[in-house]
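The structure appears below as C-alpha cells.
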Number of protein chains: 2
Amino acid sequence: MAAKLGIFAGGGELPLRIIEACRAVERSIFVIAVEGAADPAAMAGVPHAWVRLGAAGEALRLLREQRIVEVVFAGSIKRPALLSLRPDWRAAKFFARVGYRALGDDGLLTAVIREFEGEGFRVIGADELLGSALATVGPLGRHVPDAQAEDDIALGFRVVRALGALDIGQAAVVQQGLVLGVEAIEGTDALITRCAALRREGPGGVLVKAPKPGQERRADLPTIGRRTVEGAAAAGLRGIAVEAGASLVIDHAAVAVAADRAGLFVVGVAPP
Amino acid sequence: MAAKLGIFAGGGELPLRIIEACRAVERSIFVIAVEGAADPAAMAGVPHAWVRLGAAGEALRLLREQRIVEVVFAGSIKRPALLSLRPDWRAAKFFARVGYRALGDDGLLTAVIREFEGEGFRVIGADELLGSALATVGPLGRHVPDAQAEDDIALGFRVVRALGALDIGQAAVVQQGLVLGVEAIEGTDALITRCAALRREGPGGVLVKAPKPGQERRADLPTIGRRTVEGAAAAGLRGIAVEAGASLVIDHAAVAVAADRAGLFVVGVAPP
C-alpha cells in the first residue's frame, strides 16, 4: 500500500475527487485544507486540518507530524495580495527569496513546489492520482464542433497560449471569431457567467482552456467538470475545448452525460 | 473654411467632443449616428441621420447627398454577429470580399476605412480634429505613480500589447503584479467595474490602455475621459496609464481635475 498522502486542498471539485480516489484504493491521507478556499463539506470524515494561506511553517509541521513524504496540490486558490497573506516566518523566508510581486500565479506555484521538494517532500500531480482524468483527443459525449466552432476553437487556443505566456490565465471564450472574454484572476466560472451577457446572435461561443506554455504540471492544470458544462450551457455556449493530455476532466462519464443532455460538445484537442 | 465633415458617431463621449470642436471653428458637419451606439442627446441641434450598422449603401448615399468628402469615425461600436448585422447589398459586397469572421475588431475597422477611401472619401483621425487630445508623456494632474505602481504599469503594457497583437482588446488592470482583468469585447468600463470585486488588499490596481500594435490610427484609438477616472476611482484603482501620442484624453483639464479630486494619477507613458 502506498504511503500516506498529503493533500493541499483548494477550491473546486478536484480535492474531493482525489480524496475519493485514495479512499477507493484504501490509501491513507491527511488533508491540509486551505482556509477560504477548500470546501468544508469535502472534509467530512477525512483526517484534516485547516491552515490559512501564509502559515507555511504550520503546514510543514503538520505534514511531518503525520510522517508524510508525498504531497499533492489540488484545487484553485485565489491569490491574495501580500499584505493580507500574513506570512509566518517560514513563508516570509520563502517570499523574501523568490519575491512575491515578481511572480505570476504559475511562477509562484512552481516556486512553492520547489520549496517543498527542498524540504524533502515528493510533490506529485493530481493527474498521477487520477490518471484517467486527463482529457483525451476527440469528443466526450455525442456532440462535435462544426466548422465555425472549429475556427473558434483554433482562435481560442491562440488566445489562451498568448495569455499563458504572460502567466495571466488559462481560458477564453470565442464566438464567431470574436473574443468575447479572456480569463485573468476571476477564474473560469466568472468568465463564463460574464460572457452570457456579451453573447452575440447566432451560433454560440466556445470555451477554450489550456495550460500555460511550460506550466508546472503538478499545480493548477486546467480542469473542467460537470459544473463547467452546466455553466457553459447556461451561458449559451455551444461547447468546450481543452488541451488533450494537459487538462483534467473530472469524471468523464458525468461530463459526457451533462454535455449530451445540454447539447454541448466537449472535445480534447491535441497540442500543437 | 474647411469643407463639410462627415462624422460616424458610435458610443461614448468622443462624437460629442468632435461635434463641439467643429462648432468652435464653425465647420459644418453631418453626423451618421449609428443606431444602438450613438448618444441621441448628442444629436440635438446637429444635422444628422440615424443609420443602422449594416446599411452601408444608405450611409454612402447620405454622405454624397451632403457633398461630403472628409469623414471621421468616432466612438465605440459593439460589434454584432454577422447574422444580426442584416447587411444591405453594399455591406454584403464588402463583407463578401474582406470576410467578416476572419477579422478582429481592428482588422474590420481598417478594412472599412480602406473601403471608404476606395469610394473616394478622405478618412481622418479623431486626433487630427482634437489635436490637443492626444495623451502626452508624464502626469496629468498632481498625483504620480510610486514604485509599485510603476511596476504594475510596466506589466500592464506588456499584457495589453500581447492582447493587442491578437486584436483582443486595449486594456488591462494590474494590482501588485497580479493581472486582475483583461479587456476583450466587454469594453473598458465593464472591465473596471469587474475589477472592483477582484481587488486585493493593499495598494490598489492600475488601469493601462494602449493601442494594438500597428493599429489603424484613424479608428478606435484608446480613449479616456473624466468618466473613466471616476469609474477607476469607484473601483479602488490608484491610477491610469495610457500610451502617450497614441491615446486620446477627452478634455485634459476635466480629467486632471477629476484625478486630483479622486486622488488618482493619470499618466502618459512613452511607447517602447
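Lettering and numbering for the C-alpha cells are positional, with chains as A, B, ... in the shown order, residues counted from 1 in each chain, and ligands counted from 1 in the shown order.
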Closest contacts (chain A/chain B, max 6 Å, only C-alpha atoms) as JSON lines:
```
{"residue": "A:Pro80", "atom": "CA", "partner": "B:Arg200", "partner_atom": "CA", "distance": 5.9}
{"residue": "A:Ala81", "atom": "CA", "partner": "B:Arg200", "partner_atom": "CA", "distance": 5.2}
{"residue": "A:Arg101", "atom": "CA", "partner": "B:Gly177", "partner_atom": "CA", "distance": 5.1}
{"residue": "A:Gly177", "atom": "CA", "partner": "B:Arg101", "partner_atom": "CA", "distance": 5.2}
{"residue": "A:Leu180", "atom": "CA", "partner": "B:Ile185", "partner_atom": "CA", "distance": 5.1}
{"residue": "A:Gly181", "atom": "CA", "partner": "B:Ala184", "partner_atom": "CA", "distance": 5.0}
{"residue": "A:Ala184", "atom": "CA", "partner": "B:Gly181", "partner_atom": "CA", "distance": 5.0}
{"residue": "A:Ile185", "atom": "CA", "partner": "B:Leu180", "partner_atom": "CA", "distance": 5.1}
{"residue": "A:Arg200", "atom": "CA", "partner": "B:Ala81", "partner_atom": "CA", "distance": 5.3}
{"residue": "A:Glu201", "atom": "CA", "partner": "B:Ala81", "partner_atom": "CA", "distance": 5.6}
```
Save the residues we just selected, all heavy atoms, as a short mmCIF file (atom, residue, chain, number, x, y, z; two decimals), in the first residue's frame?
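Okay, again_9.cif is ready:
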```cif
data_model
loop_
_atom_site.label_atom_id
_atom_site.label_comp_id
_atom_site.auth_asym_id
_atom_site.auth_seq_id
_atom_site.Cartn_x
_atom_site.Cartn_y
_atom_site.Cartn_z
N PRO A 80 -4.03 36.08 -2.80
CA PRO A 80 -4.27 37.37 -2.15
C PRO A 80 -3.10 38.32 -2.40
O PRO A 80 -2.07 37.92 -2.91
CB PRO A 80 -4.34 37.00 -0.67
CG PRO A 80 -3.41 35.84 -0.54
CD PRO A 80 -3.41 35.12 -1.88
N ALA A 81 -3.31 39.55 -2.03
CA ALA A 81 -2.19 40.48 -2.01
C ALA A 81 -1.27 40.09 -0.87
O ALA A 81 -1.69 39.46 0.10
CB ALA A 81 -2.69 41.91 -1.83
N ARG A 101 5.93 39.67 -5.65
CA ARG A 101 5.32 40.54 -6.66
C ARG A 101 5.81 40.24 -8.06
O ARG A 101 5.13 40.53 -9.02
CB ARG A 101 5.62 41.99 -6.31
CG ARG A 101 4.90 42.39 -5.05
CD ARG A 101 5.33 43.75 -4.55
NE ARG A 101 4.51 44.08 -3.38
CZ ARG A 101 4.73 45.08 -2.57
NH1 ARG A 101 5.75 45.89 -2.79
NH2 ARG A 101 3.95 45.30 -1.54
N GLY A 177 -15.58 34.08 -34.24
CA GLY A 177 -14.37 34.85 -34.50
C GLY A 177 -14.15 36.02 -33.57
O GLY A 177 -13.12 36.69 -33.65
N LEU A 180 -14.96 37.02 -26.92
CA LEU A 180 -15.92 37.64 -26.00
C LEU A 180 -15.27 37.96 -24.66
O LEU A 180 -15.59 38.96 -24.03
CB LEU A 180 -17.12 36.72 -25.76
CG LEU A 180 -18.04 36.43 -26.94
CD1 LEU A 180 -19.29 35.71 -26.44
CD2 LEU A 180 -18.43 37.70 -27.67
N GLY A 181 -14.39 37.09 -24.20
CA GLY A 181 -13.80 37.32 -22.90
C GLY A 181 -12.56 36.48 -22.71
O GLY A 181 -12.42 35.41 -23.30
N ALA A 184 -8.59 36.27 -16.44
CA ALA A 184 -7.41 36.66 -15.67
C ALA A 184 -7.61 36.03 -14.29
O ALA A 184 -7.78 34.82 -14.20
CB ALA A 184 -7.27 38.17 -15.60
N ILE A 185 -7.68 36.84 -13.24
CA ILE A 185 -7.70 36.27 -11.90
C ILE A 185 -9.10 35.84 -11.47
O ILE A 185 -9.27 35.14 -10.47
CB ILE A 185 -7.10 37.31 -10.91
CG1 ILE A 185 -6.44 36.60 -9.74
CG2 ILE A 185 -8.15 38.31 -10.45
CD1 ILE A 185 -5.49 37.47 -8.99
N ARG A 200 -23.36 37.28 -28.76
CA ARG A 200 -23.92 37.80 -29.99
C ARG A 200 -25.00 36.84 -30.50
O ARG A 200 -25.07 35.70 -30.08
CB ARG A 200 -22.81 37.93 -31.04
CG ARG A 200 -22.09 39.25 -31.08
CD ARG A 200 -21.68 39.78 -29.76
NE ARG A 200 -21.09 41.11 -29.87
CZ ARG A 200 -20.99 41.96 -28.88
NH1 ARG A 200 -21.45 41.66 -27.69
NH2 ARG A 200 -20.44 43.13 -29.05
N GLU A 201 -25.80 37.33 -31.43
CA GLU A 201 -26.79 36.45 -32.05
C GLU A 201 -26.11 35.32 -32.82
O GLU A 201 -24.95 35.40 -33.16
CB GLU A 201 -27.66 37.25 -33.03
CG GLU A 201 -28.77 38.04 -32.37
CD GLU A 201 -29.62 38.74 -33.43
OE1 GLU A 201 -29.99 38.10 -34.42
OE2 GLU A 201 -29.91 39.94 -33.25
#
```
As an mmCIF file with N, CA, C and O atoms, in the first residue's frame, please: the residues near Ala171 (chain B) (cut-off 8 Å, only C-alpha atoms, same-chain neighbours under 3 positions excluded).
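File part09.cif, as written:
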```cif
data_model
loop_
_atom_site.group_PDB
_atom_site.id
_atom_site.type_symbol
_atom_site.label_atom_id
_atom_site.label_comp_id
_atom_site.auth_asym_id
_atom_site.auth_seq_id
_atom_site.Cartn_x
_atom_site.Cartn_y
_atom_site.Cartn_z
ATOM 1 N N VAL B 160 -1.164 44.330 -22.366
ATOM 2 C CA VAL B 160 -2.027 44.950 -23.370
ATOM 3 C C VAL B 160 -1.433 44.776 -24.768
ATOM 4 O O VAL B 160 -2.160 44.570 -25.742
ATOM 5 N N VAL B 182 -8.435 41.479 -17.933
ATOM 6 C CA VAL B 182 -8.042 41.949 -19.255
ATOM 7 C C VAL B 182 -9.307 42.165 -20.082
ATOM 8 O O VAL B 182 -10.277 41.436 -19.955
ATOM 9 N N GLU B 183 -9.245 43.168 -20.927
ATOM 10 C CA GLU B 183 -10.409 43.553 -21.713
ATOM 11 C C GLU B 183 -10.500 42.736 -22.994
ATOM 12 O O GLU B 183 -9.511 42.569 -23.703
ATOM 13 N N THR B 188 -13.866 48.841 -21.715
ATOM 14 C CA THR B 188 -13.076 49.238 -20.556
ATOM 15 C C THR B 188 -13.928 49.502 -19.319
ATOM 16 O O THR B 188 -13.541 49.148 -18.206
ATOM 17 N N LEU B 207 -5.076 50.888 -14.165
ATOM 18 C CA LEU B 207 -5.649 50.620 -15.488
ATOM 19 C C LEU B 207 -4.644 51.060 -16.545
ATOM 20 O O LEU B 207 -4.156 52.193 -16.503
ATOM 21 N N VAL B 208 -4.343 50.163 -17.463
ATOM 22 C CA VAL B 208 -3.420 50.502 -18.550
ATOM 23 C C VAL B 208 -4.159 50.354 -19.882
ATOM 24 O O VAL B 208 -4.822 49.335 -20.124
ATOM 25 N N LYS B 209 -4.066 51.386 -20.716
ATOM 26 C CA LYS B 209 -4.670 51.326 -22.048
ATOM 27 C C LYS B 209 -3.627 51.672 -23.096
ATOM 28 O O LYS B 209 -2.857 52.612 -22.937
ATOM 29 N N ALA B 210 -3.612 50.903 -24.157
ATOM 30 C CA ALA B 210 -2.678 51.182 -25.251
ATOM 31 C C ALA B 210 -3.280 50.658 -26.543
ATOM 32 O O ALA B 210 -4.069 49.709 -26.528
#
```
Practice task
Fewer than 3 positions away in the same chain doesn't count, so skip those; otherwise give me all residues within 9 Å of Val34 (chain B), counting only C-alpha atoms, as a ChimeraX atom specification.
Solution key: /B:8-11,37-39,49-53,77
Prev. selection, all heavy atoms, output as a CSV table (one decimal), in the first residue's frame:
```csv
chain,number,residue,atom,x,y,z
B,8,PHE,N,-19.1,59.7,-38.4
B,8,PHE,CA,-19.7,58.4,-38.0
B,8,PHE,C,-19.7,58.4,-36.5
B,8,PHE,O,-18.6,58.3,-35.9
B,8,PHE,CB,-19.0,57.2,-38.6
B,8,PHE,CG,-19.4,56.9,-40.0
B,8,PHE,CD1,-18.8,57.5,-41.1
B,8,PHE,CD2,-20.5,56.0,-40.2
B,8,PHE,CE1,-19.2,57.3,-42.3
B,8,PHE,CE2,-20.9,55.8,-41.5
B,8,PHE,CZ,-20.3,56.4,-42.6
B,9,ALA,N,-20.8,58.4,-35.9
B,9,ALA,CA,-20.8,58.5,-34.4
B,9,ALA,C,-21.2,57.2,-33.8
B,9,ALA,O,-22.4,56.7,-33.9
B,9,ALA,CB,-21.8,59.6,-34.0
B,10,GLY,N,-20.3,56.6,-33.0
B,10,GLY,CA,-20.6,55.5,-32.2
B,10,GLY,C,-20.9,55.9,-30.7
B,10,GLY,O,-21.3,57.1,-30.5
B,11,GLY,N,-20.6,55.1,-29.7
B,11,GLY,CA,-20.9,55.4,-28.4
B,11,GLY,C,-19.8,56.2,-27.7
B,11,GLY,O,-18.7,56.4,-28.3
B,37,ALA,N,-25.7,52.7,-30.8
B,37,ALA,CA,-24.4,53.1,-30.3
B,37,ALA,C,-24.3,54.5,-30.0
B,37,ALA,O,-23.9,54.9,-28.8
B,37,ALA,CB,-23.3,52.7,-31.4
B,38,ALA,N,-24.7,55.4,-30.9
B,38,ALA,CA,-24.6,56.9,-30.7
B,38,ALA,C,-25.6,57.3,-29.6
B,38,ALA,O,-26.6,56.7,-29.4
B,38,ALA,CB,-24.8,57.6,-32.0
B,39,ASP,N,-25.2,58.4,-28.9
B,39,ASP,CA,-26.0,59.0,-27.9
B,39,ASP,C,-27.0,60.0,-28.5
B,39,ASP,O,-26.6,61.0,-29.0
B,39,ASP,CB,-25.0,59.7,-26.9
B,39,ASP,CG,-25.8,60.5,-25.8
B,39,ASP,OD1,-27.0,60.2,-25.7
B,39,ASP,OD2,-25.1,61.3,-25.1
B,49,ALA,N,-28.4,61.9,-39.4
B,49,ALA,CA,-29.4,60.8,-39.7
B,49,ALA,C,-29.0,59.5,-39.0
B,49,ALA,O,-27.8,59.3,-38.8
B,49,ALA,CB,-29.3,60.5,-41.2
B,50,TRP,N,-30.0,58.8,-38.5
B,50,TRP,CA,-29.7,57.5,-37.9
B,50,TRP,C,-29.6,56.4,-38.9
B,50,TRP,O,-30.5,56.3,-39.8
B,50,TRP,CB,-30.8,57.2,-36.9
B,50,TRP,CG,-30.7,58.1,-35.7
B,50,TRP,CD1,-31.4,59.3,-35.5
B,50,TRP,CD2,-30.0,57.9,-34.5
B,50,TRP,NE1,-31.1,59.8,-34.3
B,50,TRP,CE2,-30.2,59.0,-33.6
B,50,TRP,CE3,-29.1,56.9,-34.1
B,50,TRP,CZ2,-29.6,59.1,-32.4
B,50,TRP,CZ3,-28.5,57.0,-32.8
B,50,TRP,CH2,-28.7,58.1,-32.0
B,51,VAL,N,-28.5,55.7,-38.8
B,51,VAL,CA,-28.3,54.6,-39.8
B,51,VAL,C,-28.0,53.3,-39.0
B,51,VAL,O,-27.2,53.4,-38.1
B,51,VAL,CB,-27.2,55.0,-40.8
B,51,VAL,CG1,-26.9,53.8,-41.7
B,51,VAL,CG2,-27.6,56.1,-41.6
B,52,ARG,N,-28.6,52.2,-39.4
B,52,ARG,CA,-28.2,51.0,-38.6
B,52,ARG,C,-26.9,50.5,-39.2
B,52,ARG,O,-26.6,50.6,-40.4
B,52,ARG,CB,-29.3,50.0,-38.7
B,52,ARG,CG,-29.6,49.4,-40.0
B,52,ARG,CD,-30.6,48.3,-40.0
B,52,ARG,NE,-30.8,47.8,-41.3
B,52,ARG,CZ,-30.0,46.9,-41.9
B,52,ARG,NH1,-28.9,46.5,-41.3
B,52,ARG,NH2,-30.2,46.6,-43.2
B,53,LEU,N,-26.1,49.9,-38.3
B,53,LEU,CA,-24.9,49.2,-38.8
B,53,LEU,C,-25.3,48.1,-39.8
B,53,LEU,O,-26.3,47.4,-39.6
B,53,LEU,CB,-24.3,48.5,-37.6
B,53,LEU,CG,-22.8,48.4,-37.5
B,53,LEU,CD1,-22.1,49.7,-37.5
B,53,LEU,CD2,-22.3,47.6,-36.3
B,77,ILE,N,-18.2,51.0,-31.2
B,77,ILE,CA,-19.4,50.3,-31.7
B,77,ILE,C,-19.2,48.9,-31.3
B,77,ILE,O,-18.2,48.2,-31.5
B,77,ILE,CB,-19.4,50.4,-33.2
B,77,ILE,CG1,-19.8,51.8,-33.6
B,77,ILE,CG2,-20.4,49.4,-33.8
B,77,ILE,CD1,-19.7,52.1,-35.1
```
Practice task
Please provide as a ChimeraX atom specification all residues within 8 Å of Val137 (chain A), with the sequence filter that same-chain residues fewer than 4 positions apart are discarded (counting only C-alpha atoms).
Solution key: /A:244-245,267-270
Would you output that residue set with N, CA and C atoms, as a PDB file, in the first residue's frame?
```pdb
ATOM      1  N   ALA A 244      -5.769  18.192 -24.904  1.00  0.00           N
ATOM      2  CA  ALA A 244      -5.669  16.781 -24.532  1.00  0.00           C
ATOM      3  C   ALA A 244      -4.320  16.498 -23.878  1.00  0.00           C
ATOM      4  N   GLY A 245      -4.348  15.655 -22.872  1.00  0.00           N
ATOM      5  CA  GLY A 245      -3.116  15.257 -22.201  1.00  0.00           C
ATOM      6  C   GLY A 245      -2.573  16.284 -21.237  1.00  0.00           C
ATOM      7  N   VAL A 267     -14.586  18.635 -26.177  1.00  0.00           N
ATOM      8  CA  VAL A 267     -13.629  17.998 -27.065  1.00  0.00           C
ATOM      9  C   VAL A 267     -12.199  18.246 -26.580  1.00  0.00           C
ATOM     10  N   GLY A 268     -11.395  17.191 -26.660  1.00  0.00           N
ATOM     11  CA  GLY A 268      -9.967  17.318 -26.371  1.00  0.00           C
ATOM     12  C   GLY A 268      -9.218  17.545 -27.674  1.00  0.00           C
ATOM     13  N   VAL A 269      -8.321  18.506 -27.662  1.00  0.00           N
ATOM     14  CA  VAL A 269      -7.584  18.864 -28.877  1.00  0.00           C
ATOM     15  C   VAL A 269      -6.101  18.612 -28.632  1.00  0.00           C
ATOM     16  N   ALA A 270      -5.460  17.939 -29.585  1.00  0.00           N
ATOM     17  CA  ALA A 270      -4.042  17.636 -29.432  1.00  0.00           C
ATOM     18  C   ALA A 270      -3.234  18.930 -29.382  1.00  0.00           C
TER      19      ALA A 270
END
```
Exercise for the section: Please report, as a ChimeraX atom specification, each residue of region 86-259 of chain A to which DSSP assigns strand (DSSP E or B) when run on this structure's backbone. Expected result: /A:122-124,134,138-140,171-175,178-182,206-209,223-224,239-243,248-249
Exercise for the section: Find the residues near Val266 (chain B): any atom within 8 Å, counting only C-alpha atoms, skip ones fewer than 3 places away on the same chain, and give them as JSON, numbers by chain. Expected result: {"B": [139, 140, 141, 143, 144, 239, 240, 241, 242, 256, 259]}
Handout entry: Sel. of alpha helix (DSSP H) residues, region 2-204 of chain A, as a ChimeraX atom specification
Key = /A:14-24,56-65,82-85,89-98,105-118,126-129,147-165,188-198
Handout entry: Ile224 (chain B) surroundings by only C-alpha atoms, 7 Å radius, close-in-sequence under 6 positions cut, as a ChimeraX atom specification
Key = /B:248-250
Would you export the selected residues with all heavy atoms as an mmCIF file, in the first residue's frame, please?
```cif
data_model
loop_
_atom_site.group_PDB
_atom_site.id
_atom_site.type_symbol
_atom_site.label_atom_id
_atom_site.label_comp_id
_atom_site.auth_asym_id
_atom_site.auth_seq_id
_atom_site.Cartn_x
_atom_site.Cartn_y
_atom_site.Cartn_z
ATOM 1 N N LEU B 248 -6.273 58.978 -26.795
ATOM 2 C CA LEU B 248 -6.985 60.248 -26.669
ATOM 3 C C LEU B 248 -7.384 60.472 -25.220
ATOM 4 O O LEU B 248 -7.876 59.556 -24.562
ATOM 5 C CB LEU B 248 -8.243 60.232 -27.543
ATOM 6 C CG LEU B 248 -8.017 60.198 -29.057
ATOM 7 C CD1 LEU B 248 -9.342 60.001 -29.780
ATOM 8 C CD2 LEU B 248 -7.343 61.493 -29.518
ATOM 9 N N VAL B 249 -7.159 61.690 -24.746
ATOM 10 C CA VAL B 249 -7.669 62.093 -23.443
ATOM 11 C C VAL B 249 -8.701 63.184 -23.713
ATOM 12 O O VAL B 249 -8.350 64.278 -24.186
ATOM 13 C CB VAL B 249 -6.554 62.640 -22.528
ATOM 14 C CG1 VAL B 249 -7.140 63.078 -21.183
ATOM 15 C CG2 VAL B 249 -5.478 61.582 -22.319
ATOM 16 N N ILE B 250 -9.957 62.857 -23.464
ATOM 17 C CA ILE B 250 -11.022 63.808 -23.758
ATOM 18 C C ILE B 250 -11.063 64.854 -22.660
ATOM 19 O O ILE B 250 -11.386 64.536 -21.514
ATOM 20 C CB ILE B 250 -12.377 63.090 -23.886
ATOM 21 C CG1 ILE B 250 -12.331 62.128 -25.059
ATOM 22 C CG2 ILE B 250 -13.504 64.092 -24.050
ATOM 23 C CD1 ILE B 250 -13.569 61.323 -25.237
#
```
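Closest approach to Arg238 (chain B) from the set B:Val46, B:Ile153, B:Val255, B:Leu221 is made by B:Ile153, with distances taken over only C-alpha atoms.
CA of Glu216 (chain B) lies 25.2 Å from CA of Ala154 (chain A).
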